[in-house]
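For reference, upload_39.cif is printed below; it contains mmCIF, C-alpha atoms.
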data_run
#
loop_
_atom_site.label_atom_id
_atom_site.label_comp_id
_atom_site.auth_asym_id
_atom_site.auth_seq_id
_atom_site.Cartn_x
_atom_site.Cartn_y
_atom_site.Cartn_z
CA MET L 1 24.83 -36.03 -17.66
CA SER L 2 22.37 -35.20 -20.28
CA LYS L 3 18.94 -36.50 -21.01
CA SER L 4 18.75 -39.24 -23.57
CA ILE L 5 18.25 -38.02 -27.12
CA ILE L 6 17.32 -39.86 -30.26
CA THR L 7 20.31 -40.99 -32.31
CA PHE L 8 20.12 -40.87 -36.05
CA PHE L 9 23.06 -42.98 -37.17
CA THR L 10 20.95 -45.63 -38.81
CA LEU L 11 18.75 -43.03 -40.50
CA ILE L 12 21.59 -41.05 -41.97
CA ILE L 13 23.74 -43.82 -43.31
CA SER L 14 24.14 -47.58 -43.20
CA ILE L 15 27.55 -48.95 -42.28
CA SER L 16 28.98 -52.34 -43.24
CA LEU L 17 29.98 -53.91 -39.94
CA PHE L 18 31.18 -57.43 -40.37
CA ALA L 19 34.32 -57.64 -42.44
CA LYS L 20 35.52 -60.44 -40.14
CA SER L 21 32.96 -61.59 -37.64
CA GLY L 22 31.74 -64.45 -35.54
CA LYS L 23 28.83 -65.27 -33.29
CA ILE L 24 28.68 -64.64 -29.55
CA VAL L 25 26.08 -65.75 -27.04
CA LEU L 26 25.20 -63.86 -23.86
CA ASN L 27 22.58 -65.02 -21.40
CA GLY L 28 21.92 -64.37 -17.75
CA GLN L 29 19.62 -63.00 -15.12
CA VAL L 30 18.92 -59.58 -13.64
CA GLU L 31 18.02 -59.74 -9.97
CA ASN L 32 15.48 -57.21 -8.69
CA HIS L 33 14.89 -56.33 -12.32
CA LEU L 34 13.18 -53.03 -13.00
CA GLY L 35 13.71 -52.42 -16.70
CA THR L 36 12.62 -54.88 -19.36
CA THR L 37 15.43 -54.71 -21.92
CA ILE L 38 19.18 -55.27 -21.95
CA THR L 39 21.17 -54.02 -24.94
CA ILE L 40 24.64 -54.18 -26.48
CA THR L 41 25.67 -51.20 -28.60
CA HIS L 42 28.68 -50.18 -30.63
CA LEU L 43 30.93 -47.41 -29.34
CA ASN L 44 28.93 -44.93 -31.44
CA ASN L 45 25.81 -46.03 -29.49
CA ARG L 46 24.35 -47.80 -32.50
CA GLU L 47 22.42 -50.83 -31.25
CA LEU L 48 23.94 -54.20 -32.02
CA VAL L 49 21.51 -56.55 -30.27
CA SER L 50 18.98 -56.45 -27.45
CA ALA L 51 16.92 -58.92 -25.44
CA GLU L 52 13.74 -58.75 -23.40
CA LEU L 53 13.80 -59.95 -19.82
CA ASP L 54 11.23 -62.57 -18.86
CA ALA L 55 9.21 -62.50 -15.64
CA ASP L 56 12.17 -63.91 -13.69
CA GLY L 57 14.64 -61.39 -15.14
CA LYS L 58 16.28 -63.94 -17.42
CA PHE L 59 17.49 -63.07 -20.92
CA GLU L 60 19.42 -64.51 -23.83
CA MET L 61 20.89 -62.90 -26.93
CA SER L 62 23.24 -63.84 -29.73
CA THR L 63 24.71 -61.93 -32.64
CA LYS L 64 27.58 -61.72 -35.09
CA LEU L 65 30.23 -59.14 -34.32
CA GLU L 66 33.87 -58.16 -34.61
CA ASN L 67 36.02 -58.40 -31.52
CA GLY L 68 36.29 -55.19 -29.56
CA PHE L 69 34.89 -52.92 -26.88
CA TYR L 70 31.13 -52.46 -26.67
CA PHE L 71 28.61 -50.90 -24.31
CA LEU L 72 26.28 -53.05 -22.23
CA LYS L 73 23.20 -50.99 -21.35
CA TYR L 74 20.40 -51.60 -18.89
CA GLY L 75 18.05 -48.68 -18.37
CA ARG L 76 20.29 -45.65 -17.89
CA ASN L 77 23.18 -47.80 -16.68
CA THR L 78 26.12 -48.43 -19.01
CA ALA L 79 29.26 -50.56 -18.70
CA TYR L 80 32.14 -51.34 -21.03
CA ILE L 81 32.47 -54.96 -22.15
CA TYR L 82 34.90 -56.62 -24.54
CA LEU L 83 33.52 -59.30 -26.85
CA TYR L 84 35.26 -61.77 -29.12
CA PRO L 85 33.70 -64.09 -31.74
CA LYS L 86 32.66 -67.44 -30.20
CA ASP L 87 32.31 -65.99 -26.71
CA LYS L 88 29.69 -67.83 -24.65
CA LEU L 89 28.97 -65.72 -21.61
CA SER L 90 26.52 -65.74 -18.75
CA LEU L 91 25.94 -62.62 -16.67
CA VAL L 92 24.22 -62.03 -13.35
CA PHE L 93 23.76 -58.64 -11.71
CA ASP L 94 21.48 -56.85 -9.28
CA ALA L 95 19.52 -53.99 -10.84
CA LYS L 96 19.89 -52.05 -7.60
CA ASN L 97 23.68 -52.15 -7.88
CA PHE L 98 24.31 -52.47 -11.60
CA GLU L 99 28.02 -52.54 -12.28
CA THR L 100 29.35 -53.33 -8.80
CA SER L 101 27.30 -56.55 -8.73
CA MET L 102 28.10 -57.79 -12.25
CA VAL L 103 29.62 -61.27 -12.48
CA PHE L 104 30.46 -62.94 -15.79
CA LYS L 105 31.00 -66.66 -16.28
CA GLY L 106 31.94 -68.73 -19.30
CA GLN L 107 34.18 -68.13 -22.31
CA GLY L 108 35.25 -64.47 -22.31
CA SER L 109 34.40 -63.91 -18.64
CA GLU L 110 37.92 -63.05 -17.42
CA ARG L 111 38.33 -59.94 -19.54
CA ASN L 112 34.84 -58.69 -18.69
CA ASN L 113 35.20 -59.33 -14.96
CA TYR L 114 38.43 -57.33 -15.18
CA LEU L 115 36.55 -54.41 -16.77
CA VAL L 116 33.95 -54.51 -13.98
CA LYS L 117 36.62 -54.45 -11.29
CA LYS L 118 38.57 -51.75 -13.11
CA SER L 119 35.54 -49.45 -13.12
CA ILE L 120 34.96 -49.98 -9.39
CA ILE L 121 38.60 -49.25 -8.55
CA GLU L 122 38.71 -46.16 -10.75
CA ALA L 123 35.68 -44.70 -8.98
CA GLU L 124 37.46 -45.24 -5.68
CA LEU L 125 40.73 -43.70 -6.89
CA THR L 126 39.01 -40.53 -8.11
CA GLU L 127 36.42 -40.20 -5.34
CA ASP L 128 38.31 -37.50 -3.42
CA LEU L 129 37.97 -34.73 -5.99
CA GLU L 130 40.27 -32.29 -4.22
CA ALA L 131 43.05 -34.84 -3.72
CA PHE L 132 42.82 -35.95 -7.35
CA TYR L 133 42.21 -32.66 -9.18
CA LYS L 134 43.07 -29.76 -6.87
CA VAL L 135 46.80 -30.21 -7.29
CA ASP L 136 49.63 -28.83 -9.40
CA GLU L 137 50.33 -30.18 -12.87
CA SER L 138 53.06 -32.62 -11.86
CA THR L 139 50.95 -34.10 -9.06
CA TYR L 140 47.96 -34.48 -11.37
CA LEU L 141 50.13 -36.27 -13.93
CA LYS L 142 51.33 -38.58 -11.16
CA ASN L 143 47.70 -39.20 -10.12
CA ILE L 144 46.64 -40.29 -13.58
CA ASP L 145 49.83 -42.33 -14.01
CA ASP L 146 48.99 -44.09 -10.74
CA VAL L 147 45.51 -44.89 -12.07
CA LYS L 148 47.02 -46.41 -15.21
CA MET L 149 49.60 -48.44 -13.28
CA THR L 150 46.92 -49.68 -10.85
CA HIS L 151 44.85 -50.93 -13.77
CA LEU L 152 47.84 -52.60 -15.42
CA ALA L 153 48.61 -54.40 -12.18
CA LEU L 154 44.98 -55.49 -11.97
CA LEU L 155 45.03 -56.69 -15.59
CA SER L 156 48.03 -58.93 -14.87
CA LYS L 157 45.97 -60.83 -12.28
CA TYR L 158 43.38 -61.97 -14.84
CA ASN L 159 43.81 -64.86 -17.26
CA VAL L 160 43.04 -62.90 -20.41
CA GLU L 161 44.06 -63.44 -24.02
CA PRO L 162 47.05 -61.60 -25.56
CA PHE L 163 44.77 -59.70 -27.96
CA PHE L 164 42.83 -58.24 -25.02
CA THR L 165 45.99 -57.39 -23.10
CA SER L 166 47.19 -55.48 -26.16
CA ALA L 167 43.86 -53.69 -26.70
CA GLU L 168 43.43 -52.79 -23.02
CA THR L 169 47.02 -51.57 -22.64
CA LYS L 170 46.44 -49.21 -25.54
CA SER L 171 43.08 -48.20 -24.06
CA LEU L 172 44.68 -47.31 -20.72
CA GLU L 173 47.19 -45.04 -22.44
CA TYR L 174 44.43 -43.31 -24.39
CA GLU L 175 42.52 -42.88 -21.13
CA ARG L 176 45.60 -41.24 -19.59
CA LEU L 177 45.90 -38.88 -22.56
CA LEU L 178 42.20 -38.07 -22.31
CA SER L 179 42.69 -37.17 -18.65
CA ILE L 180 45.41 -34.73 -19.72
CA GLN L 181 43.22 -33.21 -22.41
CA ASN L 182 40.29 -32.88 -19.99
CA PHE L 183 42.19 -31.55 -16.95
CA LYS L 184 41.00 -27.98 -17.40
CA THR L 185 37.35 -28.89 -18.02
CA SER L 186 37.34 -31.52 -15.25
CA TYR L 187 38.75 -28.99 -12.79
CA LYS L 188 36.02 -26.54 -13.72
CA PHE L 189 33.33 -29.24 -13.62
CA TYR L 190 34.25 -30.67 -10.22
CA LEU L 191 35.84 -27.71 -8.41
CA GLY L 192 34.28 -24.69 -10.11
CA ASP L 193 37.46 -22.76 -10.86
CA ASP L 194 39.30 -21.92 -14.06
CA ILE L 195 42.90 -23.02 -14.52
CA SER L 196 45.40 -22.52 -17.32
CA PRO L 197 47.70 -25.52 -17.74
CA SER L 198 51.08 -24.85 -19.32
CA ASP L 199 51.91 -25.67 -22.92
CA ASP L 200 54.30 -28.36 -21.70
CA PHE L 201 51.47 -30.05 -19.83
CA TYR L 202 49.71 -30.80 -23.12
CA LYS L 203 52.79 -32.05 -25.01
CA PRO L 204 51.94 -35.75 -24.49
CA LEU L 205 48.88 -35.19 -26.71
CA GLU L 206 51.13 -34.51 -29.70
CA VAL L 207 51.56 -38.26 -30.26
CA ILE L 208 47.88 -38.69 -31.15
CA ASP L 209 47.23 -39.52 -34.80
CA GLU L 210 43.67 -38.39 -35.42
CA THR L 211 43.62 -40.09 -38.82
CA GLU L 212 43.95 -43.55 -37.21
CA VAL L 213 40.65 -45.02 -38.43
CA SER L 214 41.00 -48.43 -36.79
CA ASP L 215 41.63 -46.96 -33.33
CA TYR L 216 38.70 -44.60 -33.77
CA LYS L 217 36.48 -47.59 -34.45
CA GLU L 218 37.90 -49.84 -31.73
CA GLN L 219 39.19 -47.66 -28.87
CA PRO L 220 36.60 -45.80 -26.72
CA TYR L 221 38.97 -43.26 -25.18
CA PHE L 222 40.57 -42.52 -28.54
CA ARG L 223 37.09 -41.70 -29.82
CA TYR L 224 36.59 -39.23 -26.96
CA LEU L 225 39.98 -37.64 -27.63
CA VAL L 226 39.30 -37.14 -31.32
CA ASN L 227 35.66 -36.10 -30.90
CA SER L 228 36.64 -33.48 -28.35
CA ALA L 229 39.45 -32.07 -30.50
CA TRP L 230 37.23 -31.68 -33.56
CA ASN L 231 34.32 -30.25 -31.57
CA LYS L 232 36.65 -27.56 -30.19
CA ARG L 233 37.83 -26.67 -33.69
CA ILE L 234 34.28 -26.42 -35.00
CA GLU L 235 33.20 -24.39 -31.96
CA ALA L 236 36.12 -21.98 -32.48
CA ALA L 237 34.88 -21.02 -35.96
CA SER L 238 33.23 -17.60 -35.97
CA ASP L 239 30.24 -18.48 -38.17
CA VAL L 240 28.47 -21.33 -39.92
CA ASP L 241 30.62 -21.06 -43.04
CA GLY L 242 33.71 -21.45 -40.89
CA MET L 243 32.20 -24.38 -39.00
CA LEU L 244 31.36 -26.08 -42.29
CA LYS L 245 34.88 -25.50 -43.58
CA VAL L 246 36.35 -27.22 -40.51
CA PHE L 247 33.86 -30.08 -40.74
CA ARG L 248 34.85 -30.84 -44.33
CA LYS L 249 38.39 -31.58 -43.17
CA ILE L 250 37.22 -34.47 -40.97
CA PRO L 251 39.24 -37.56 -41.98
CA SER L 252 36.67 -40.34 -41.54
CA GLN L 253 33.00 -41.03 -42.19
CA ASP L 254 32.39 -42.54 -38.74
CA LEU L 255 33.80 -39.43 -37.04
CA ALA L 256 31.71 -37.14 -39.27
CA ILE L 257 28.50 -39.03 -38.40
CA THR L 258 29.30 -38.98 -34.69
CA LEU L 259 29.91 -35.22 -34.68
CA LEU L 260 26.85 -34.51 -36.79
CA ASN L 261 24.67 -36.43 -34.37
CA GLY L 262 26.22 -34.47 -31.50
CA PHE L 263 25.25 -31.14 -33.04
CA TYR L 264 21.66 -31.95 -32.12
CA SER L 265 22.42 -31.79 -28.39
CA LYS L 266 24.55 -28.66 -28.84
CA ILE L 267 21.43 -26.78 -29.94
CA SER L 268 20.27 -26.85 -26.32
CA SER L 269 23.59 -27.13 -24.46
CA ASN L 270 25.17 -24.16 -26.26
CA LYS L 271 22.29 -21.68 -26.44
CA GLU L 272 24.42 -18.79 -27.68
CA ARG L 273 25.17 -20.72 -30.86
CA SER L 274 22.03 -22.83 -31.14
CA LYS L 275 21.08 -21.23 -34.47
CA ASP L 276 24.57 -21.91 -35.88
CA TYR L 277 24.30 -25.60 -35.01
CA LEU L 278 20.82 -25.85 -36.49
CA ASP L 279 22.02 -24.23 -39.72
CA LEU L 280 25.08 -26.48 -39.77
CA ILE L 281 22.85 -29.57 -39.53
CA LYS L 282 20.72 -28.30 -42.43
CA ARG L 283 23.81 -27.81 -44.57
CA LEU L 284 25.25 -31.23 -43.79
CA THR L 285 22.27 -33.52 -44.26
CA THR L 286 19.04 -33.71 -46.23
CA HIS L 287 17.54 -36.31 -43.93
CA GLN L 288 14.25 -34.63 -43.06
CA PRO L 289 13.38 -36.45 -39.79
CA PHE L 290 16.74 -35.35 -38.35
CA ILE L 291 16.23 -31.77 -39.54
CA ASP L 292 12.68 -31.70 -38.15
CA ALA L 293 13.88 -32.90 -34.75
CA ALA L 294 16.67 -30.29 -34.73
CA GLU L 295 14.22 -27.51 -35.63
CA LYS L 296 11.88 -28.60 -32.85
CA GLN L 297 14.78 -28.58 -30.40
CA TYR L 298 15.78 -25.08 -31.54
CA LEU L 299 12.23 -23.74 -31.16
CA GLU L 300 12.06 -25.10 -27.61
CA VAL L 301 15.31 -23.30 -26.80
CA ILE L 302 14.33 -19.89 -28.16
CA ASN L 303 10.78 -20.05 -26.77
CA SER L 304 11.80 -21.09 -23.28
CA LYS L 305 11.23 -18.42 -20.66
CA GLY L 306 14.30 -18.04 -18.55
CA LEU L 307 14.16 -17.58 -14.79
CA ASN L 308 16.23 -14.87 -13.15
CA GLU L 309 17.54 -13.95 -9.72
CA GLY L 310 14.75 -12.38 -7.65
CA ASP L 311 11.92 -14.13 -9.52
CA ASP L 312 9.45 -16.21 -7.56
CA SER L 313 10.56 -19.81 -7.79
CA PRO L 314 8.31 -22.30 -9.55
CA THR L 315 6.79 -24.68 -7.04
CA PHE L 316 6.81 -28.42 -6.57
CA SER L 317 4.98 -31.07 -4.56
CA TYR L 318 6.89 -34.35 -4.48
CA GLU L 319 6.80 -37.58 -2.51
CA SER L 320 9.45 -37.88 0.18
CA VAL L 321 11.36 -41.07 0.97
CA ASP L 322 9.02 -41.76 3.90
CA GLY L 323 5.89 -41.38 1.75
CA LYS L 324 4.86 -37.85 2.70
CA THR L 325 4.15 -35.09 0.18
CA ILE L 326 6.51 -32.14 0.53
CA SER L 327 5.88 -28.85 -1.26
CA LEU L 328 8.18 -25.89 -1.76
CA SER L 329 5.79 -23.82 0.36
CA ASP L 330 6.41 -26.18 3.30
CA LEU L 331 10.05 -25.09 3.32
CA LYS L 332 9.55 -21.32 3.22
CA GLY L 333 11.30 -19.36 5.91
CA LYS L 334 14.63 -21.04 5.19
CA TYR L 335 17.15 -20.90 2.39
CA ILE L 336 16.66 -23.97 0.18
CA TYR L 337 19.63 -25.60 -1.55
CA ILE L 338 18.25 -28.06 -4.10
CA ASP L 339 20.25 -30.95 -5.55
CA VAL L 340 18.71 -32.45 -8.71
CA TRP L 341 20.22 -35.91 -9.18
CA ALA L 342 19.58 -39.55 -10.12
CA THR L 343 20.87 -42.93 -9.02
CA TRP L 344 22.41 -43.59 -12.45
CA CYS L 345 24.36 -40.30 -12.56
CA GLY L 346 28.04 -40.82 -11.73
CA PRO L 347 28.92 -37.12 -11.35
CA CYS L 348 25.90 -36.75 -9.03
CA ILE L 349 27.19 -39.52 -6.77
CA LYS L 350 30.62 -37.87 -6.63
CA GLN L 351 28.95 -34.81 -5.07
CA VAL L 352 27.38 -36.80 -2.22
CA PRO L 353 30.32 -36.58 0.23
CA TYR L 354 30.57 -32.82 -0.34
CA LEU L 355 26.83 -32.36 0.09
CA LYS L 356 27.08 -34.20 3.41
CA GLN L 357 29.86 -31.82 4.45
CA LEU L 358 27.62 -28.82 3.67
CA GLU L 359 24.77 -30.33 5.66
CA GLU L 360 27.06 -30.82 8.65
CA ARG L 361 28.66 -27.37 8.34
CA TYR L 362 25.29 -25.56 8.23
CA HIS L 363 23.32 -27.93 10.46
CA HIS L 364 22.23 -25.17 12.84
CA LYS L 365 21.82 -22.48 10.19
CA ASN L 366 18.67 -21.25 8.47
CA ILE L 367 18.97 -23.55 5.47
CA VAL L 368 17.47 -26.86 4.34
CA PHE L 369 19.10 -29.21 1.84
CA VAL L 370 16.68 -30.84 -0.58
CA SER L 371 17.63 -33.64 -2.98
CA ILE L 372 15.19 -34.29 -5.82
CA SER L 373 15.62 -37.51 -7.79
CA VAL L 374 14.69 -37.47 -11.48
CA ASP L 375 14.84 -41.26 -11.72
CA LYS L 376 12.10 -43.07 -13.58
CA GLU L 377 9.17 -44.39 -11.54
CA ASN L 378 10.23 -48.01 -12.05
CA VAL L 379 13.48 -47.49 -10.11
CA LYS L 380 11.94 -45.87 -7.03
CA GLU L 381 12.96 -48.83 -4.87
CA LYS L 382 16.56 -48.48 -6.06
CA TRP L 383 16.38 -44.78 -5.10
CA LYS L 384 15.17 -45.67 -1.61
CA GLN L 385 17.91 -48.27 -1.21
CA MET L 386 20.63 -45.83 -2.29
CA ILE L 387 19.42 -43.32 0.31
CA ILE L 388 19.93 -46.03 2.93
CA ASP L 389 23.23 -47.35 1.55
CA LYS L 390 24.85 -43.92 1.22
CA GLU L 391 23.19 -42.56 4.37
CA LEU L 392 21.84 -39.56 2.51
CA GLY L 393 20.56 -36.73 4.69
CA GLY L 394 18.44 -33.66 4.11
CA VAL L 395 15.02 -33.85 2.50
CA GLN L 396 14.87 -36.66 -0.07
CA LEU L 397 12.18 -36.25 -2.74
CA PHE L 398 11.20 -38.13 -5.89
CA ALA L 399 10.11 -36.07 -8.93
CA ASP L 400 6.74 -37.16 -10.29
CA LYS L 401 7.67 -37.24 -14.00
CA SER L 402 11.46 -37.44 -14.03
CA PHE L 403 12.90 -34.71 -16.29
CA ASP L 404 9.40 -33.89 -17.55
CA SER L 405 8.18 -32.70 -14.15
CA ASP L 406 6.82 -29.16 -14.25
CA PHE L 407 9.50 -27.92 -11.83
CA MET L 408 12.26 -29.40 -14.02
CA ASN L 409 10.79 -27.88 -17.16
CA ALA L 410 10.42 -24.49 -15.49
CA TYR L 411 14.10 -24.51 -14.52
CA ALA L 412 15.06 -26.04 -17.90
CA VAL L 413 16.84 -28.93 -16.19
CA ASN L 414 18.17 -31.09 -19.02
CA SER L 415 21.40 -32.24 -17.43
CA ILE L 416 22.48 -33.25 -13.95
CA PRO L 417 23.85 -32.74 -11.39
CA ARG L 418 22.08 -29.40 -11.08
CA PHE L 419 21.85 -27.19 -8.01
CA ILE L 420 19.34 -24.44 -7.30
CA LEU L 421 19.30 -21.92 -4.43
CA ILE L 422 16.09 -20.27 -3.18
CA ASN L 423 15.78 -17.67 -0.40
CA PRO L 424 13.42 -17.78 2.65
CA GLU L 425 10.77 -15.79 0.74
CA GLY L 426 10.66 -18.35 -2.04
CA LYS L 427 12.58 -16.19 -4.52
CA ILE L 428 15.41 -17.40 -6.72
CA VAL L 429 18.95 -16.70 -5.56
CA ASN L 430 20.64 -18.77 -8.26
CA THR L 431 19.11 -21.01 -10.94
CA GLU L 432 22.47 -22.80 -11.34
CA ALA L 433 24.04 -22.63 -7.92
CA PRO L 434 27.64 -23.78 -7.42
CA ARG L 435 28.17 -27.45 -6.59
CA PRO L 436 28.89 -28.75 -3.09
CA SER L 437 32.49 -29.51 -4.09
CA PHE L 438 33.16 -25.86 -5.04
CA ASP L 439 34.95 -23.58 -2.57
CA LYS L 440 32.70 -20.75 -3.77
CA THR L 441 29.65 -22.63 -2.44
CA ARG L 442 30.84 -22.31 1.15
CA VAL L 443 31.75 -18.67 0.57
CA LEU L 444 28.28 -17.95 -0.82
CA LEU L 445 26.43 -19.75 1.96
CA ASP L 446 28.62 -18.15 4.65
CA GLU L 447 27.68 -14.73 3.28
CA LEU L 448 23.98 -15.52 3.16
CA LEU L 449 23.69 -17.32 6.47
CA ASP L 450 26.01 -15.23 8.67
#
Translate the structure described by the file into structure tokens.
Amino acid sequence: MSKSIITFFTLIISISLFAKSGKIVLNGQVENHLGTTITITHLNNRELVSAELDADGKFEMSTKLENGFYFLKYGRNTAYIYLYPKDKLSLVFDAKNFETSMVFKGQGSERNNYLVKKSIIEAELTEDLEAFYKVDESTYLKNIDDVKMTHLALLSKYNVEPFFTSAETKSLEYERLLSIQNFKTSYKFYLGDDISPSDDFYKPLEVIDETEVSDYKEQPYFRYLVNSAWNKRIEAASDVDGMLKVFRKIPSQDLAITLLNGFYSKISSNKERSKDYLDLIKRLTTHQPFIDAAEKQYLEVINSKGLNEGDDSPTFSYESVDGKTISLSDLKGKYIYIDVWATWCGPCIKQVPYLKQLEERYHHKNIVFVSISVDKENVKEKWKQMIIDKELGGVQLFADKSFDSDFMNAYAVNSIPRFILINPEGKIVNTEAPRPSFDKTRVLLDELLD
């Protein structure tokens, strides 16, 4: 998960939103509130409406909109909701357990309570990464089919309108297709190995019509499918001229704006082609604030001093969960496996069971497992509660300035989960160590510790 970046949709172009619209009202209360604002955005992350929480965590907002899927955002937490003109909803949730505690009441509540439950069930169904992903193609297809059928069965239990049943049924199929498209990258992300699915495996994707403008606007998983396909085509071009040629074939304005905005983050996430993405931005827009931000991002990338194996590790001194200050120097004499994470990071949470397995496997070995949270200061209590709820072991630390902590900047940590391995002398073994869920992690640690 990447750090938040500024979006430039509203600066680049204005979009007419309300061909057919109506007003909705959403009010409620956030228990144990930490943040001060709750926001609804479009699927392209453009803000629709926001509200400030009062001292008791209460809020109220109303706006005109078209029916469809939206994002509800609170701090770094995000959940899908589906809104329809004339909805009158109330919402209560606990800031310490954002989505799992959400309860909607009022007109429109059934479809949104379904979406909450769906998200909880999906996390449970995909929690065992090896059982879900480390399988042959036919078993994986069965796994994602089972997820879809489970959600359809859940949907049938809710008293929702026909228009939502239709929209959600289509959404579930697009989600299944996205899982097919992402199988290779998901396998690499969660298990650390490369696979090569057969051509037949990808045949279901041939039904996708990328020129379907209405689905791109209304269907979140369709957006991901199309965005990913076009990003791969642009990335495959050998130079900026080729990238520009591909970009000019994009069938819709909304898609073009979304991809253009994404090129900003690719300056840092794809360092080998950072200059190409900067030049592409300059050739696609004359909006100077966007160009200035992209140039600043590029300069930070090329001026950053990389750390290498054998270098002395940058140091840290962070507060532990029991209030003590722990420094890197306090841990010298042991290998140090560092997990950089946050309470809002879904992929980080998926690594927790595997990290626990490593801690148990190497309990009597010369290694210490250190988890460093990059949560914001105002959610420290949520961090402490999650340590208790998930029975997290090892050394639990809280970074002093989130992603802007000196240690994070030194290691250029701009996305999480991130793992770092340091030897007993305080020297770097790996700046991007394999994840706990990777087989290669156990192989590496066995070699070092035996």
Contacts of range 408-420 of chain L at 7 Å (all atoms listed in the file; same-chain gap of 6+ positions) as a tab-separated table (two decimals) with C-alpha atoms, in the frame of the given file:
chain	number	residue	atom	x	y	z
L	1	MET	CA	24.83	-36.03	-17.66
L	2	SER	CA	22.37	-35.20	-20.28
L	3	LYS	CA	18.94	-36.50	-21.01
L	307	LEU	CA	14.16	-17.58	-14.79
L	314	PRO	CA	8.31	-22.30	-9.55
L	337	TYR	CA	19.63	-25.60	-1.55
L	338	ILE	CA	18.25	-28.06	-4.10
L	339	ASP	CA	20.25	-30.95	-5.55
L	340	VAL	CA	18.71	-32.45	-8.71
L	341	TRP	CA	20.22	-35.91	-9.18
L	347	PRO	CA	28.92	-37.12	-11.35
L	348	CYS	CA	25.90	-36.75	-9.03
L	430	ASN	CA	20.64	-18.77	-8.26
L	431	THR	CA	19.11	-21.01	-10.94
L	432	GLU	CA	22.47	-22.80	-11.34
L	433	ALA	CA	24.04	-22.63	-7.92
L	434	PRO	CA	27.64	-23.78	-7.42
L	435	ARG	CA	28.17	-27.45	-6.59
- Query: So what does the PyMOL selection byres ((chain L and resi 65-77) around 8) actually pick up in this one, as number ranges by chain?
  - Reply: L: 17-24, 35, 37-43, 45, 63-64, 78-85, 98, 218-220, 344
- Query: For Leu178 in chain L, which residue among L:Lys105, L:Lys249, L:Arg223, L:Lys275 is the nearest when counting only C-alpha atoms?
  - Reply: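 Under the stated criterion, the closest residue is L:Arg223.
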- Task: Apply the PyMOL selection byres ((chain L and resi 317) around 7) to the file shown and report the selected residues as an MDAnalysis selection string.
- Result: chainID L and resid 316 318 325:328
- Who sits within 8 Å of Leu152 in chain L, all atoms listed in the file, same chain under 4 positions skipped, as JSON, numbers by chain: {"L": [148, 156, 169]}
Fewer than 2 positions away in the same chain doesn't count, so skip those; otherwise give me all residues within 12 Å of Ser166 in chain L, counting only C-alpha atoms, as a compact mmCIF listing (two decimals) with C-alpha atoms, in the coordinates of the input.
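Generated file (out_1.txt):
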# COMPACT_ATOMS: atom_id res chain seq x y z
CA GLY L 68 36.29 -55.19 -29.56
CA ARG L 111 38.33 -59.94 -19.54
CA LEU L 152 47.84 -52.60 -15.42
CA LEU L 155 45.03 -56.69 -15.59
CA SER L 156 48.03 -58.93 -14.87
CA VAL L 160 43.04 -62.90 -20.41
CA GLU L 161 44.06 -63.44 -24.02
CA PRO L 162 47.05 -61.60 -25.56
CA PHE L 163 44.77 -59.70 -27.96
CA PHE L 164 42.83 -58.24 -25.02
CA GLU L 168 43.43 -52.79 -23.02
CA THR L 169 47.02 -51.57 -22.64
CA LYS L 170 46.44 -49.21 -25.54
CA SER L 171 43.08 -48.20 -24.06
CA LEU L 172 44.68 -47.31 -20.72
CA GLU L 173 47.19 -45.04 -22.44
CA GLN L 219 39.19 -47.66 -28.87
- Message: What would the selection look like, as a ChimeraX atom specification, if the PyMOL selection byres ((chain L and resi 277) around 9) were run on the coordinates I just shared?
- Response: /L:240,243,263-264,266-267,270,273-276,278-282,294
Restrict the selected residues to C-alpha atoms and save them as a PDB file, in the coordinates of the input.
ATOM      1  CA  VAL L 240      28.470 -21.330 -39.920  1.00  0.00           C
ATOM      2  CA  MET L 243      32.200 -24.380 -39.000  1.00  0.00           C
ATOM      3  CA  PHE L 263      25.250 -31.140 -33.040  1.00  0.00           C
ATOM      4  CA  TYR L 264      21.660 -31.950 -32.120  1.00  0.00           C
ATOM      5  CA  LYS L 266      24.550 -28.660 -28.840  1.00  0.00           C
ATOM      6  CA  ILE L 267      21.430 -26.780 -29.940  1.00  0.00           C
ATOM      7  CA  ASN L 270      25.170 -24.160 -26.260  1.00  0.00           C
ATOM      8  CA  ARG L 273      25.170 -20.720 -30.860  1.00  0.00           C
ATOM      9  CA  SER L 274      22.030 -22.830 -31.140  1.00  0.00           C
ATOM     10  CA  LYS L 275      21.080 -21.230 -34.470  1.00  0.00           C
ATOM     11  CA  ASP L 276      24.570 -21.910 -35.880  1.00  0.00           C
ATOM     12  CA  LEU L 278      20.820 -25.850 -36.490  1.00  0.00           C
ATOM     13  CA  ASP L 279      22.020 -24.230 -39.720  1.00  0.00           C
ATOM     14  CA  LEU L 280      25.080 -26.480 -39.770  1.00  0.00           C
ATOM     15  CA  ILE L 281      22.850 -29.570 -39.530  1.00  0.00           C
ATOM     16  CA  LYS L 282      20.720 -28.300 -42.430  1.00  0.00           C
ATOM     17  CA  ALA L 294      16.670 -30.290 -34.730  1.00  0.00           C
TER      18      ALA L 294
END
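Minimum distance to His363 in chain L across L:Ala131, L:Gly393, L:Leu225, L:Asn44 (counting only C-alpha atoms) occurs at L:Gly393.
Of the residues under consideration (L:Leu26, L:Phe438, L:Ser179, L:Tyr354), L:Phe438 shows the shortest atom-to-atom contact distance to Lys134 in chain L when counting all atoms listed in the file.
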- When distances are computed from all atoms listed in the file, which of L:Asp145, L:Asp193, L:Glu110, L:Glu130 shows the smallest separation from Lys88 in chain L? L:Glu110
